[in-house]
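The structure under discussion appears below in the form of structure tokens.
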Amino acid sequence: MADYSATIRENYQRVLEKIARAARSVGRRPDSIKLVVVTKGHPLEILQAVVAAGAHDLGENYVEEALPKIAALTDGEITWHMIGHIQSRKARPIAEHFSWVQSVDILNLARRLDGFAAEIGRVIPVLLECNVSGEETKFGWAAWNETRWPEFAAEIAPLVDFPNLEVRGLMTMPPYDPDPEKSRPYFEELGRLRDFLAVRFPQTHWSELSMGMSGDYEVAVQSGATLVRVGTAIVGPRQ
Ligand SMILES: *Cc1c(COP(=O)(O)O)cnc(C)c1O
């Protein structure tokens, strides 16, 4: 127990330091980046150690796995981020139990989240997950072809007006590559897409860019990430 708690604490601190260093290397303030610790595939004890290490933001991918963890971890103020692909029929428990939904990738899901949020009287901050690489296995709005961004904007136009969702920005996951530099063009593309949407929808906040995982979060921070989603580098490999 003491073992893995100490390791998680060290890992967490090391990642925070690397985020700060990457931020300063491009003239950004380290506190403009939020670290979301991704805990999918790990048991409750690990999450408790993560919280004890100082984390406030936790990310989970699967609603069935997350709900018992959310129910059990009541101490401290945890912001729960849904970051995994969501089937529309699972929208209700997500609207009820998650603070943020980063993986909104289709209009029907957004509409259902908005409806359930209205029922319980809350406004959910959401990110639009975008596929800027064209990789076929990735979820997300098709946004790899800049000439089609106007169509993309038209598609999401109803979404930005849903009263119980508050669009805060974009999320992406580039193709896996052991070389983090390979992710940089995709991170920069997400920033350009954000700028494009901010002109189209000036009444919406587009300030958040969720990008960067264990292998490439420093490059993501240099490219403008405001949220990084780091699992393995803090909590080790998943079971
Ligand atoms: C699992 C996952 C992460 C974390 O990945 P690591 O490589 O373990 O840091 C980040 N984002 C999403 C969407 C994930 O599914």
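If you're wondering about the labels, chains in the structure tokens are A, B, ... by order shown, residues count from 1 in each chain, ligands from 1 in order shown.
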### Task
Compile the contact shell of Gly59 in chain A as a list in words: residues with an atom at most 6 Å away, counting only C-alpha atoms, same-chain residues fewer than 4 positions apart removed.
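Using only C-alpha atoms, the neighbours found are Val37, Val38, Trp80, His81 and Met82 of chain A.
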Given only C-alpha atoms and all ligand atoms, how would the per-residue table for chain A near ligand 1 read, listing every residue at most 7 Å away with its closest atom pair and distance in Å to one decimal, sorted by chain and number, as JSON lines?
```
{"residue": "A:Val38", "atom": "CA", "partner": "ligand 1", "partner_atom_place_in_ligand_line": "4 (C)", "distance": 5.4}
{"residue": "A:Lys40", "atom": "CA", "partner": "ligand 1", "partner_atom_place_in_ligand_line": "1 (C)", "distance": 6.7}
{"residue": "A:Asn61", "atom": "CA", "partner": "ligand 1", "partner_atom_place_in_ligand_line": "15 (O)", "distance": 6.1}
{"residue": "A:Ile83", "atom": "CA", "partner": "ligand 1", "partner_atom_place_in_ligand_line": "13 (C)", "distance": 5.0}
{"residue": "A:Gly84", "atom": "CA", "partner": "ligand 1", "partner_atom_place_in_ligand_line": "13 (C)", "distance": 5.5}
{"residue": "A:Met173", "atom": "CA", "partner": "ligand 1", "partner_atom_place_in_ligand_line": "13 (C)", "distance": 6.5}
{"residue": "A:Met213", "atom": "CA", "partner": "ligand 1", "partner_atom_place_in_ligand_line": "9 (O)", "distance": 4.2}
{"residue": "A:Ser214", "atom": "CA", "partner": "ligand 1", "partner_atom_place_in_ligand_line": "9 (O)", "distance": 3.6}
{"residue": "A:Gly215", "atom": "CA", "partner": "ligand 1", "partner_atom_place_in_ligand_line": "7 (O)", "distance": 6.2}
{"residue": "A:Arg229", "atom": "CA", "partner": "ligand 1", "partner_atom_place_in_ligand_line": "10 (C)", "distance": 4.6}
{"residue": "A:Val230", "atom": "CA", "partner": "ligand 1", "partner_atom_place_in_ligand_line": "9 (O)", "distance": 3.8}
{"residue": "A:Gly231", "atom": "CA", "partner": "ligand 1", "partner_atom_place_in_ligand_line": "9 (O)", "distance": 3.6}
{"residue": "A:Thr232", "atom": "CA", "partner": "ligand 1", "partner_atom_place_in_ligand_line": "8 (O)", "distance": 3.7}
{"residue": "A:Ala233", "atom": "CA", "partner": "ligand 1", "partner_atom_place_in_ligand_line": "9 (O)", "distance": 6.0}
```
### Message
So that I can see what lies close to Val123 in chain A, please list as a list of chain:residue names the residues with an atom at most 12 Å from it, counting only C-alpha atoms and leaving out residues fewer than 6 positions away in the same chain.
### Response
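Non-adjacent residues within range: A:Ala95, A:Glu96, A:Phe98, A:Ser99, A:Trp100, A:Val101, A:Leu113, A:Asp114, A:Gly115, A:Phe116, A:Ala117, A:Phe162, A:Pro163, A:Asn164, A:Leu165, A:Glu166, A:Val167, A:Arg168.
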### Task
Kindly indicate which residue among A:Ser103, A:Ser88, A:Thr226, A:Thr172 lies nearest to Gly134 in chain A, using only C-alpha atoms for the distances.
A:Thr172
Show me a table, sorted first by chain and then by increasing residue number, of the residues of range 89-188 of chain A having an atom at most 12 Å from range 201-204 of chain A, each with its shortest atom pair and the distance in Å to one decimal, counting only C-alpha atoms and written as JSON lines.
```
{"residue": "A:Pro125", "atom": "CA", "partner": "A:Thr204", "partner_atom": "CA", "distance": 11.4}
{"residue": "A:Val126", "atom": "CA", "partner": "A:Thr204", "partner_atom": "CA", "distance": 11.5}
{"residue": "A:Leu127", "atom": "CA", "partner": "A:Thr204", "partner_atom": "CA", "distance": 11.6}
{"residue": "A:Pro150", "atom": "CA", "partner": "A:Phe201", "partner_atom": "CA", "distance": 11.7}
{"residue": "A:Ala153", "atom": "CA", "partner": "A:Phe201", "partner_atom": "CA", "distance": 8.7}
{"residue": "A:Ala154", "atom": "CA", "partner": "A:Phe201", "partner_atom": "CA", "distance": 10.5}
{"residue": "A:Ile156", "atom": "CA", "partner": "A:Phe201", "partner_atom": "CA", "distance": 10.1}
{"residue": "A:Ala157", "atom": "CA", "partner": "A:Phe201", "partner_atom": "CA", "distance": 8.3}
{"residue": "A:Pro158", "atom": "CA", "partner": "A:Phe201", "partner_atom": "CA", "distance": 11.1}
{"residue": "A:Leu159", "atom": "CA", "partner": "A:Thr204", "partner_atom": "CA", "distance": 10.6}
{"residue": "A:Val160", "atom": "CA", "partner": "A:Thr204", "partner_atom": "CA", "distance": 6.9}
{"residue": "A:Asp161", "atom": "CA", "partner": "A:Thr204", "partner_atom": "CA", "distance": 8.8}
{"residue": "A:Phe162", "atom": "CA", "partner": "A:Thr204", "partner_atom": "CA", "distance": 11.2}
{"residue": "A:Pro163", "atom": "CA", "partner": "A:Thr204", "partner_atom": "CA", "distance": 11.8}
{"residue": "A:Leu165", "atom": "CA", "partner": "A:Thr204", "partner_atom": "CA", "distance": 10.8}
{"residue": "A:Glu166", "atom": "CA", "partner": "A:Thr204", "partner_atom": "CA", "distance": 7.9}
{"residue": "A:Val167", "atom": "CA", "partner": "A:Thr204", "partner_atom": "CA", "distance": 6.6}
{"residue": "A:Arg168", "atom": "CA", "partner": "A:Thr204", "partner_atom": "CA", "distance": 7.3}
{"residue": "A:Gly169", "atom": "CA", "partner": "A:Thr204", "partner_atom": "CA", "distance": 8.7}
{"residue": "A:Leu170", "atom": "CA", "partner": "A:Thr204", "partner_atom": "CA", "distance": 12.0}
```
### Query
Using only C-alpha atoms, which of the listed residues (A:Ala53, A:Leu190, A:Leu35, A:Leu197) sits closest to Arg9 in chain A?
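With only C-alpha atoms as the atom set, the closest residue is A:Ala53.
For Met171 in chain A, the residues within 7 Å (counting only C-alpha atoms, excluding itself and residues fewer than 6 positions away along the chain) are A:Gln102, A:Leu127, A:Leu128, A:Glu129, A:Cys130, A:Leu209, A:Ser210, A:Met211.
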Output file for the residues above (N, CA and C atoms, as a tab-separated table (two decimals), in the first residue's frame):
```tsv
chain	number	residue	atom	x	y	z
A	102	GLN	N	-15.99	15.12	-22.12
A	102	GLN	CA	-14.99	15.55	-23.11
A	102	GLN	C	-15.19	14.88	-24.47
A	127	LEU	N	-16.80	19.08	-24.22
A	127	LEU	CA	-15.84	19.31	-25.30
A	127	LEU	C	-16.29	18.50	-26.50
A	128	LEU	N	-15.98	18.96	-27.67
A	128	LEU	CA	-16.29	18.21	-28.88
A	128	LEU	C	-15.04	17.42	-29.26
A	129	GLU	N	-15.20	16.10	-29.30
A	129	GLU	CA	-14.05	15.27	-29.68
A	129	GLU	C	-13.92	15.29	-31.19
A	130	CYS	N	-12.76	15.68	-31.66
A	130	CYS	CA	-12.54	15.84	-33.10
A	130	CYS	C	-11.45	14.91	-33.59
A	209	LEU	N	-8.58	23.15	-24.80
A	209	LEU	CA	-8.07	22.16	-25.75
A	209	LEU	C	-7.58	20.98	-24.92
A	210	SER	N	-8.30	19.86	-25.00
A	210	SER	CA	-7.90	18.66	-24.26
A	210	SER	C	-7.10	17.77	-25.20
A	211	MET	N	-5.81	17.70	-24.97
A	211	MET	CA	-4.96	16.89	-25.84
A	211	MET	C	-3.66	16.57	-25.12
```
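Distance check against Ile78 in chain A using only C-alpha atoms: of A:Leu227, A:Ile94, A:Val235, A:Val36, the minimum falls on A:Val36.
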### Query
In Å, how far is it from CA of Pro174 in chain A to CA of Glu135 in chain A?
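Interatomic distance, CA of Pro174 in chain A to CA of Glu135 in chain A: 8.2 Å.
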### Task
Select, from A:Glu77, A:Ala91, A:Gly41, A:Val221, the residue with the minimum atom-to-atom distance to Val15 in chain A, counting only C-alpha atoms.
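Closest to Val15 in chain A of all the choices is A:Val221.
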### Task
Find the spatial neighbours of Arg192 in chain A, counting only C-alpha atoms, within a cut-off of 12 Å - ignore same-chain residues fewer than 5 positions away - and output them as a VMD selection string.
chain A and resid 132 143 to 146 149 169 to 170 185 to 187 197 to 199 206 209 223 to 224
### Task
Taking the DSSP assignment computed from this structure's backbone, write out as a PyMOL selection string all residues of range 15-141 of chain A that belong to alpha helix (DSSP H).
chain A and resi 15-25+44-52+63-72+91-97+107-119
### Query
What separation in Å, quoted to one decimal, exists between CA of Val51 in chain A and CA of Asp105 in chain A?
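Between CA of Val51 in chain A and CA of Asp105 in chain A the gap is 28.9 Å.
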#### Entry: Shell around Arg184 in chain A at 9 Å using only C-alpha atoms, local window under 5 positions removed, as a list in words
Pro174, Glu189, Asp216, Val219, Ala220, Gln222 and Ser223 of chain A
### Message
Here is a test: counting only C-alpha atoms, which residue of A:Val63, A:Leu58, A:Ala142, A:Leu107 is nearest to Val228 in chain A?
### Response
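Of A:Val63, A:Leu58, A:Ala142, A:Leu107, the one nearest Val228 in chain A is A:Leu58, counting only C-alpha atoms.
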### Query
Do you have the CA of Ala22 in chain A-CA of Ser183 in chain A distance handy?
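These two atoms are separated by 15.0 Å.
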